[in-house]
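S.K.: Here it is, the structure in full.
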Amino acid sequence: MRFSPKVTLSDRELFFLSWPIFVELFLRVIIGNINVFMISNYSEPAVASVGAANQLLNLSVFIYGFITVGTQIIIAQLIGAKQKDKIPKIITTAIFGAVFIGLTLSLTFIFFPTQLLRFMNLDDTLVTIGKGYIQIYGGSLFISSITASIIAVLRSHGLTRPALMIPMVASITAVIGNYFALYSPFGLPNLGVNGLAMASVIGNSLGLIIASRLLYHYLDFNILKLSFKRFSSTSLKQILTLGLPSSGESLSYQASQVVVTMIVASLGQSVLIAKSYVTAITQFVYLVAASLAQGNQIMVGRNVGAKEYDRAYNRGIRTIVIAVCFTVIISTLTLIFIEPIMSIFTTNREVIEIAKVVFIVDIFLESARAINMVMVSALNASGDVKYPLICSLIVLWVISLPFSYGLAIYLQLGLVGVWLAYAIDEILRSMLMIYRWRSGVWRNKNTFT
């Protein structure tokens, strides 16, 4: 296929689906950075503690993603195959599945907070700071899991703009709550990092209420009238057959980040703090690629459901080119302005100097990451879910993590070594994903053929 620089009708649909997702992700990241900024003014050790705790909390998102990702793929294919009558049963099954996984995660964080933080290789001071935070926030994950399943349903129907309301309200509520928790206006007590967790719980609870209302308004589905009679073990098997490998790829990546954080923690508190800041900033860099990948997933899923495989293939290739172009521009601008950006968070020169070198490597890392995001989402949408997982497991755990340890610890490159290992990982996987997409094997993986 020759790539045409002209904007096509398909491109317009991609942007229509993707821009609300971009706004949602942007809000999530900006809120996360505001939190980092607030915490850095409160206590830099708290930045390290909360950052490590968030690695575990982020890991849990991909665990209940077994349900959300599988649900989104199936509904998109059902819409493309014009089998909408099967969707209510999928929604019911997905919500029950989300409740079960969410409650399991919540109980784990409530009863084992200290053990989880010690597993992250944190010292006693950081464990003490983060224990209450991870216990409160983690205990509410069942709320987040239900909300995520509803958002997946709305997005699959192309309702990305209404779905935007859910994280927007949750995020704004959390930021306001963070201000009250850390800065004690009107003589209110200072709740510290525990207050941050409480604010997030309140925000996520409001998000669930809004999500439920949107689901009823647009799809006439009332979660208050859920009946276990409409639960389908066959549908759950379909969801998990697609969701386990699909979200498993992301889960594998996030789990590797937990191990990397443990490696970085052994380099000292300053390096761990630097990683928290750098990670917060890089989230902005890949926002466009992430949102395009999710919009692309919806379109590819519908095309595959309708057996329009050439359209799905061309859509995937065009989205790669668009995502990489945006990513290179954004990552280059980030490198140029990295010093003033870092100065927003810290005046620690050691931390700033580490970040300046890391972001040179990050240009190559983010370009390859953009390809992976688009291709993995496209392959998952087609039903080809095992290949990305297998590649992730092999490259991440056999190549990337050993390189992280060797470059960071053995060659004493510190955080720069970790980022070099990240780049090697993303480049290798992007080559494997493009090869798979071009091979056309995914054309035979349609769930409803």
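Residues in the structure tokens are named by chain (A, B, ... in the order shown) and by number from 1 within that chain; ligands are numbered from 1 in the order shown.
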Excluding stretch 340-356 of chain A and any residue of its chain fewer than 5 positions from it, enumerate the residues within 12 Å of it, using only C-alpha atoms, and give them as a ChimeraX atom specification.

M.R.: /A:33-44,47,268-282,284,333-335,361-363,413-419

S.K.: With distances taken over only C-alpha atoms, which residue among A:Arg12, A:Lys445, A:Arg155, A:Arg161 lies nearest A:Arg315?

M.R.: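 Nearest to A:Arg315: A:Arg12.
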
S.K.: Enumerate as a PyMOL selection string all residues of stretch 164-230 of chain A assigned to alpha helix (DSSP H) by DSSP on the backbone, naming them with the chain letters and numbers the document uses.

M.R.: chain A and resi 165-183+192-219

S.K.: Go ahead and save the residues from that selection, with N, CA and C atoms, as a short mmCIF file (atom, residue, chain, number, x, y, z; two decimals), in the first residue's frame.

M.R.:
```
data_model
loop_
_atom_site.label_atom_id
_atom_site.label_comp_id
_atom_site.auth_asym_id
_atom_site.auth_seq_id
_atom_site.Cartn_x
_atom_site.Cartn_y
_atom_site.Cartn_z
N MET A 165 -17.04 12.30 29.92
CA MET A 165 -17.56 12.93 31.14
C MET A 165 -17.14 12.17 32.40
N ILE A 166 -16.99 10.87 32.27
CA ILE A 166 -16.71 10.02 33.45
C ILE A 166 -15.36 10.36 34.08
N PRO A 167 -14.24 10.24 33.33
CA PRO A 167 -12.95 10.58 33.94
C PRO A 167 -12.79 12.06 34.22
N MET A 168 -13.48 12.91 33.43
CA MET A 168 -13.37 14.35 33.64
C MET A 168 -13.86 14.72 35.04
N VAL A 169 -15.05 14.26 35.39
CA VAL A 169 -15.61 14.56 36.71
C VAL A 169 -14.76 13.93 37.81
N ALA A 170 -14.38 12.68 37.60
CA ALA A 170 -13.57 11.97 38.61
C ALA A 170 -12.24 12.68 38.85
N SER A 171 -11.60 13.12 37.77
CA SER A 171 -10.29 13.76 37.88
C SER A 171 -10.37 15.12 38.55
N ILE A 172 -11.34 15.94 38.13
CA ILE A 172 -11.48 17.27 38.72
C ILE A 172 -11.81 17.17 40.20
N THR A 173 -12.67 16.23 40.55
CA THR A 173 -13.01 16.01 41.96
C THR A 173 -11.78 15.62 42.75
N ALA A 174 -10.95 14.74 42.17
CA ALA A 174 -9.75 14.28 42.87
C ALA A 174 -8.76 15.43 43.11
N VAL A 175 -8.58 16.30 42.11
CA VAL A 175 -7.66 17.42 42.27
C VAL A 175 -8.12 18.37 43.37
N ILE A 176 -9.42 18.68 43.36
CA ILE A 176 -9.96 19.56 44.42
C ILE A 176 -9.75 18.92 45.79
N GLY A 177 -10.01 17.62 45.85
CA GLY A 177 -9.80 16.89 47.11
C GLY A 177 -8.34 16.89 47.53
N ASN A 178 -7.43 16.77 46.55
CA ASN A 178 -6.00 16.79 46.87
C ASN A 178 -5.59 18.13 47.49
N TYR A 179 -6.15 19.20 46.94
CA TYR A 179 -5.83 20.53 47.47
C TYR A 179 -6.25 20.64 48.94
N PHE A 180 -7.46 20.18 49.22
CA PHE A 180 -7.94 20.21 50.61
C PHE A 180 -7.10 19.31 51.52
N ALA A 181 -6.67 18.17 50.97
CA ALA A 181 -5.92 17.20 51.79
C ALA A 181 -4.53 17.70 52.15
N LEU A 182 -3.85 18.35 51.18
CA LEU A 182 -2.45 18.73 51.39
C LEU A 182 -2.25 20.15 51.90
N TYR A 183 -3.14 21.08 51.53
CA TYR A 183 -2.91 22.48 51.85
C TYR A 183 -3.81 23.02 52.96
N GLY A 192 -2.43 14.61 54.41
CA GLY A 192 -1.26 14.02 53.76
C GLY A 192 -1.62 13.15 52.58
N VAL A 193 -0.75 12.14 52.33
CA VAL A 193 -0.97 11.28 51.16
C VAL A 193 -2.22 10.42 51.32
N ASN A 194 -2.62 10.12 52.53
CA ASN A 194 -3.87 9.39 52.72
C ASN A 194 -5.06 10.18 52.19
N GLY A 195 -4.98 11.50 52.32
CA GLY A 195 -6.03 12.36 51.80
C GLY A 195 -6.12 12.30 50.29
N LEU A 196 -4.96 12.11 49.62
CA LEU A 196 -4.96 11.96 48.17
C LEU A 196 -5.75 10.73 47.76
N ALA A 197 -5.55 9.65 48.51
CA ALA A 197 -6.28 8.42 48.21
C ALA A 197 -7.78 8.61 48.43
N MET A 198 -8.14 9.29 49.51
CA MET A 198 -9.56 9.54 49.80
C MET A 198 -10.21 10.36 48.68
N ALA A 199 -9.48 11.37 48.20
CA ALA A 199 -10.00 12.21 47.12
C ALA A 199 -10.24 11.39 45.86
N SER A 200 -9.33 10.47 45.57
CA SER A 200 -9.48 9.62 44.39
C SER A 200 -10.68 8.70 44.53
N VAL A 201 -10.89 8.18 45.72
CA VAL A 201 -12.04 7.29 45.95
C VAL A 201 -13.36 8.04 45.71
N ILE A 202 -13.43 9.27 46.22
CA ILE A 202 -14.64 10.09 46.03
C ILE A 202 -14.85 10.37 44.54
N GLY A 203 -13.77 10.76 43.86
CA GLY A 203 -13.86 11.05 42.43
C GLY A 203 -14.29 9.83 41.62
N ASN A 204 -13.71 8.67 41.93
CA ASN A 204 -14.06 7.45 41.20
C ASN A 204 -15.50 7.02 41.47
N SER A 205 -15.97 7.27 42.67
CA SER A 205 -17.36 6.93 43.01
C SER A 205 -18.34 7.78 42.19
N LEU A 206 -18.02 9.08 42.06
CA LEU A 206 -18.84 9.94 41.21
C LEU A 206 -18.78 9.49 39.75
N GLY A 207 -17.60 9.05 39.33
CA GLY A 207 -17.43 8.55 37.97
C GLY A 207 -18.33 7.35 37.69
N LEU A 208 -18.44 6.44 38.67
CA LEU A 208 -19.29 5.27 38.50
C LEU A 208 -20.77 5.67 38.37
N ILE A 209 -21.19 6.64 39.16
CA ILE A 209 -22.58 7.11 39.09
C ILE A 209 -22.88 7.67 37.70
N ILE A 210 -21.96 8.49 37.18
CA ILE A 210 -22.15 9.08 35.85
C ILE A 210 -22.13 8.00 34.78
N ALA A 211 -21.20 7.05 34.90
CA ALA A 211 -21.10 5.96 33.93
C ALA A 211 -22.40 5.17 33.86
N SER A 212 -22.97 4.90 35.01
CA SER A 212 -24.22 4.14 35.07
C SER A 212 -25.36 4.89 34.39
N ARG A 213 -25.40 6.21 34.61
CA ARG A 213 -26.44 7.04 33.99
C ARG A 213 -26.28 7.08 32.47
N LEU A 214 -25.04 7.20 32.00
CA LEU A 214 -24.80 7.24 30.55
C LEU A 214 -25.17 5.92 29.90
N LEU A 215 -24.85 4.82 30.57
CA LEU A 215 -25.18 3.50 30.03
C LEU A 215 -26.69 3.35 29.87
N TYR A 216 -27.43 3.85 30.84
CA TYR A 216 -28.89 3.78 30.78
C TYR A 216 -29.44 4.72 29.71
N HIS A 217 -28.88 5.92 29.65
CA HIS A 217 -29.40 6.95 28.72
C HIS A 217 -29.18 6.54 27.26
N TYR A 218 -27.99 6.06 26.93
CA TYR A 218 -27.66 5.80 25.53
C TYR A 218 -28.00 4.38 25.08
N LEU A 219 -27.88 3.40 26.00
CA LEU A 219 -28.08 2.01 25.60
C LEU A 219 -29.24 1.33 26.32
#
```

S.K.: List as a list of chain:residue names the protein and nucleic acid residues near A:Phe403, meaning an atom at most 8 Å away when only C-alpha atoms are counted, but skip any in the same chain fewer than 3 places from it.

M.R.: A:Ile399, A:Ser400, A:Gly406, A:Leu407, A:Val418, A:Ala421

S.K.: One decimal, Å: what's the distance from atom CA of A:Leu154 over to atom CA of A:Lys84, could you say?

M.R.: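 Separation of atom CA of A:Leu154 and atom CA of A:Lys84: 13.6 Å.
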
S.K.: Need to verify the contact set: stretch 86-99 of chain A, 9 Å, only C-alpha atoms, exclusion of same-chain residues closer than 4 positions in sequence. Can you return it as a PyMOL selection string?

M.R.: chain A and resi 64-68+70-71+74-75+78-79+103-104+142-143+145-150+153+221+223+226-228+230-233+235-236+239

S.K.: Kindly export the residues of the current selection with N, CA and C atoms, as a short mmCIF file (atom, residue, chain, number, x, y, z; two decimals), in the first residue's frame.

M.R.:
```cif
data_model
loop_
_atom_site.label_atom_id
_atom_site.label_comp_id
_atom_site.auth_asym_id
_atom_site.auth_seq_id
_atom_site.Cartn_x
_atom_site.Cartn_y
_atom_site.Cartn_z
N TYR A 64 -8.01 -6.07 35.87
CA TYR A 64 -9.43 -6.03 35.51
C TYR A 64 -9.62 -5.66 34.04
N GLY A 65 -8.51 -5.31 33.38
CA GLY A 65 -8.55 -5.13 31.93
C GLY A 65 -8.83 -6.42 31.18
N PHE A 66 -8.66 -7.58 31.88
CA PHE A 66 -9.04 -8.86 31.26
C PHE A 66 -10.50 -8.79 30.79
N ILE A 67 -11.33 -8.10 31.58
CA ILE A 67 -12.74 -7.98 31.26
C ILE A 67 -12.98 -6.84 30.27
N THR A 68 -12.43 -5.67 30.56
CA THR A 68 -12.75 -4.48 29.74
C THR A 68 -12.25 -4.61 28.31
N GLY A 70 -11.50 -7.41 26.58
CA GLY A 70 -12.25 -8.45 25.88
C GLY A 70 -13.65 -7.99 25.50
N THR A 71 -14.28 -7.26 26.41
CA THR A 71 -15.63 -6.74 26.15
C THR A 71 -15.63 -5.77 24.98
N ILE A 74 -15.17 -7.68 21.60
CA ILE A 74 -16.35 -8.45 21.20
C ILE A 74 -17.48 -7.55 20.73
N ILE A 75 -17.75 -6.47 21.47
CA ILE A 75 -18.86 -5.59 21.09
C ILE A 75 -18.58 -4.90 19.76
N LEU A 78 -19.25 -7.44 17.11
CA LEU A 78 -20.68 -7.70 17.00
C LEU A 78 -21.39 -6.59 16.23
N ILE A 79 -20.98 -5.34 16.49
CA ILE A 79 -21.57 -4.21 15.76
C ILE A 79 -21.24 -4.33 14.27
N LEU A 103 -13.34 -6.81 43.38
CA LEU A 103 -13.39 -7.11 44.81
C LEU A 103 -12.16 -7.91 45.25
N THR A 104 -11.70 -8.81 44.41
CA THR A 104 -10.49 -9.58 44.73
C THR A 104 -9.29 -8.67 44.88
N PHE A 142 -12.61 -2.00 43.18
CA PHE A 142 -13.82 -2.62 42.62
C PHE A 142 -14.70 -1.56 41.95
N ILE A 143 -14.66 -0.33 42.47
CA ILE A 143 -15.41 0.77 41.84
C ILE A 143 -14.82 1.08 40.46
N SER A 145 -13.09 -0.88 38.55
CA SER A 145 -13.24 -1.98 37.60
C SER A 145 -14.62 -1.97 36.94
N ILE A 146 -15.65 -1.66 37.71
CA ILE A 146 -17.01 -1.57 37.14
C ILE A 146 -17.09 -0.40 36.16
N THR A 147 -16.54 0.75 36.59
CA THR A 147 -16.57 1.93 35.73
C THR A 147 -15.84 1.67 34.42
N ALA A 148 -14.68 1.01 34.49
CA ALA A 148 -13.89 0.73 33.29
C ALA A 148 -14.66 -0.16 32.32
N SER A 149 -15.40 -1.12 32.83
CA SER A 149 -16.18 -2.01 31.95
C SER A 149 -17.28 -1.23 31.24
N ILE A 150 -17.89 -0.27 31.94
CA ILE A 150 -18.94 0.55 31.31
C ILE A 150 -18.34 1.47 30.25
N VAL A 153 -17.81 -0.42 27.09
CA VAL A 153 -19.07 -0.62 26.36
C VAL A 153 -19.43 0.64 25.57
N PHE A 221 -29.63 0.44 29.33
CA PHE A 221 -29.17 -0.68 30.17
C PHE A 221 -29.03 -0.18 31.61
N ILE A 223 -27.89 -0.86 35.31
CA ILE A 223 -27.08 -1.80 36.11
C ILE A 223 -27.73 -2.09 37.46
N LEU A 226 -29.50 -5.46 37.25
CA LEU A 226 -28.72 -6.60 36.77
C LEU A 226 -29.31 -7.90 37.30
N SER A 227 -29.40 -8.87 36.44
CA SER A 227 -29.91 -10.19 36.84
C SER A 227 -28.88 -11.25 36.50
N PHE A 228 -28.58 -12.08 37.49
CA PHE A 228 -27.60 -13.14 37.26
C PHE A 228 -28.11 -14.15 36.22
N ARG A 230 -29.08 -13.42 33.37
CA ARG A 230 -28.58 -13.02 32.06
C ARG A 230 -27.07 -13.18 31.96
N PHE A 231 -26.46 -13.64 33.06
CA PHE A 231 -25.02 -13.93 33.04
C PHE A 231 -24.78 -15.17 32.19
N SER A 232 -23.77 -15.12 31.34
CA SER A 232 -23.48 -16.23 30.43
C SER A 232 -22.04 -16.70 30.61
N SER A 233 -21.89 -17.93 31.01
CA SER A 233 -20.54 -18.48 31.17
C SER A 233 -19.85 -18.58 29.80
N SER A 235 -20.33 -16.44 27.31
CA SER A 235 -19.88 -15.08 27.00
C SER A 235 -18.64 -14.72 27.79
N LEU A 236 -18.61 -15.14 29.07
CA LEU A 236 -17.43 -14.86 29.90
C LEU A 236 -16.20 -15.54 29.31
N ILE A 239 -15.09 -13.47 26.42
CA ILE A 239 -14.45 -12.23 26.89
C ILE A 239 -13.03 -12.51 27.36
#
```

S.K.: In Å, with one decimal, what is the gap from atom CA of A:Ala378 to atom CA of A:Gly301?

M.R.: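 We find that atom CA of A:Ala378 and atom CA of A:Gly301 lie 7.6 Å from each other.
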
S.K.: Which is closer to A:Ile409 than all the others in A:Thr327, A:Ile263, A:Ala289, A:Glu426, using only C-alpha atoms?

M.R.: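 Answer, going by the shortest atom-to-atom distance: A:Ile263.
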
S.K.: Just how far from atom CA of A:Ser246 is atom CA of A:Leu389, in Å to one decimal?

M.R.: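 Separating atom CA of A:Leu389 from atom CA of A:Ser246 is a distance of 6.9 Å.
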
S.K.: For A:Ala152, which residue among A:Gly51, A:Gly187, A:Gly243, A:Gly440 is the nearest when counting only C-alpha atoms?

M.R.: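 Using only C-alpha atoms, A:Ala152 sits closest to A:Gly243.
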
S.K.: Excluding A:Leu122 and any residue of its chain fewer than 3 positions from it, enumerate the residues within 12 Å of it, using only C-alpha atoms, and give them as JSON, numbers by chain.

M.R.: {"A": [45, 46, 48, 49, 50, 51, 52, 53, 114, 115, 116, 117, 118, 119, 125, 126, 127, 128, 129, 130, 131, 258, 261, 262, 263, 264, 265, 266, 267, 268, 269, 272]}

S.K.: Any chance you could export the current selection's N, CA and C atoms as a compact mmCIF listing (two decimals), in the first residue's frame?

M.R.:
```txt
# COMPACT_ATOMS: atom_id res chain seq x y z
N PRO A 45 10.22 12.63 49.56
CA PRO A 45 10.09 11.19 49.84
C PRO A 45 8.68 10.67 49.54
N ALA A 46 7.68 11.53 49.74
CA ALA A 46 6.30 11.13 49.44
C ALA A 46 6.12 10.90 47.94
N ALA A 48 8.40 9.65 45.91
CA ALA A 48 8.94 8.31 45.65
C ALA A 48 8.00 7.22 46.13
N SER A 49 7.43 7.41 47.32
CA SER A 49 6.54 6.40 47.91
C SER A 49 5.25 6.25 47.10
N VAL A 50 4.60 7.38 46.80
CA VAL A 50 3.36 7.34 46.05
C VAL A 50 3.61 6.84 44.62
N GLY A 51 4.75 7.24 44.04
CA GLY A 51 5.09 6.78 42.69
C GLY A 51 5.24 5.27 42.62
N ALA A 52 5.90 4.70 43.63
CA ALA A 52 6.05 3.24 43.68
C ALA A 52 4.71 2.56 43.92
N ALA A 53 3.90 3.13 44.81
CA ALA A 53 2.58 2.57 45.09
C ALA A 53 1.71 2.59 43.83
N THR A 114 1.50 -3.43 53.46
CA THR A 114 2.93 -3.39 53.83
C THR A 114 3.73 -4.37 53.00
N GLN A 115 3.21 -5.57 52.85
CA GLN A 115 3.92 -6.59 52.08
C GLN A 115 4.10 -6.16 50.62
N LEU A 116 3.09 -5.53 50.06
CA LEU A 116 3.17 -5.08 48.67
C LEU A 116 4.22 -4.00 48.49
N LEU A 117 4.29 -3.06 49.42
CA LEU A 117 5.27 -1.97 49.32
C LEU A 117 6.69 -2.48 49.58
N ARG A 118 6.84 -3.41 50.50
CA ARG A 118 8.18 -3.99 50.74
C ARG A 118 8.64 -4.77 49.51
N PHE A 119 7.70 -5.38 48.82
CA PHE A 119 8.02 -6.09 47.59
C PHE A 119 8.63 -5.15 46.56
N THR A 125 10.92 4.03 55.75
CA THR A 125 10.32 5.37 55.73
C THR A 125 9.28 5.50 54.64
N LEU A 126 9.63 5.01 53.44
CA LEU A 126 8.72 5.11 52.30
C LEU A 126 7.52 4.18 52.46
N VAL A 127 7.75 3.02 53.08
CA VAL A 127 6.64 2.09 53.34
C VAL A 127 5.63 2.72 54.28
N THR A 128 6.14 3.39 55.32
CA THR A 128 5.25 4.04 56.29
C THR A 128 4.41 5.13 55.62
N ILE A 129 5.04 5.90 54.72
CA ILE A 129 4.33 6.97 54.02
C ILE A 129 3.25 6.41 53.11
N GLY A 130 3.56 5.32 52.40
CA GLY A 130 2.67 4.82 51.37
C GLY A 130 1.62 3.81 51.82
N LYS A 131 1.75 3.28 53.03
CA LYS A 131 0.86 2.20 53.48
C LYS A 131 -0.62 2.60 53.44
N VAL A 258 7.24 -2.70 37.35
CA VAL A 258 7.37 -2.90 38.80
C VAL A 258 8.78 -3.41 39.11
N THR A 261 11.25 -0.63 38.68
CA THR A 261 11.19 0.29 39.82
C THR A 261 11.99 -0.27 41.00
N MET A 262 11.94 -1.59 41.18
CA MET A 262 12.73 -2.22 42.23
C MET A 262 14.23 -2.04 41.97
N ILE A 263 14.62 -2.17 40.68
CA ILE A 263 16.03 -1.96 40.31
C ILE A 263 16.44 -0.51 40.57
N VAL A 264 15.59 0.42 40.14
CA VAL A 264 15.89 1.84 40.32
C VAL A 264 15.94 2.21 41.79
N ALA A 265 15.06 1.61 42.60
CA ALA A 265 15.04 1.90 44.04
C ALA A 265 16.38 1.55 44.69
N SER A 266 17.06 0.54 44.15
CA SER A 266 18.35 0.13 44.72
C SER A 266 19.45 1.14 44.39
N LEU A 267 19.19 2.06 43.44
CA LEU A 267 20.18 3.08 43.07
C LEU A 267 20.12 4.31 43.96
N GLY A 268 19.11 4.35 44.83
CA GLY A 268 19.01 5.48 45.75
C GLY A 268 17.76 6.30 45.54
N GLN A 269 17.43 7.09 46.56
CA GLN A 269 16.18 7.84 46.56
C GLN A 269 16.15 8.90 45.46
N LEU A 272 15.23 7.33 42.18
CA LEU A 272 13.82 6.92 42.21
C LEU A 272 12.91 8.14 42.04
```

S.K.: Just checking: using only C-alpha atoms, which residue out of A:Gln83, A:Gln254, A:Asn121, A:Thr241 ends up closest to A:Val61?

M.R.: A:Gln254

S.K.: If we count only C-alpha atoms and set the cut-off at 9 Å, which residues sit around A:Arg369, ignoring sequence neighbours fewer than 3 positions away in its own chain? Please answer as a list of chain:residue names.

M.R.: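 Non-adjacent residues within range: A:Tyr286, A:Ala289, A:Val324, A:Phe364, A:Leu365, A:Glu366, A:Asn372, A:Met373, A:Val374, A:Ala423, A:Glu426, A:Ile427, A:Arg429, A:Ser430.
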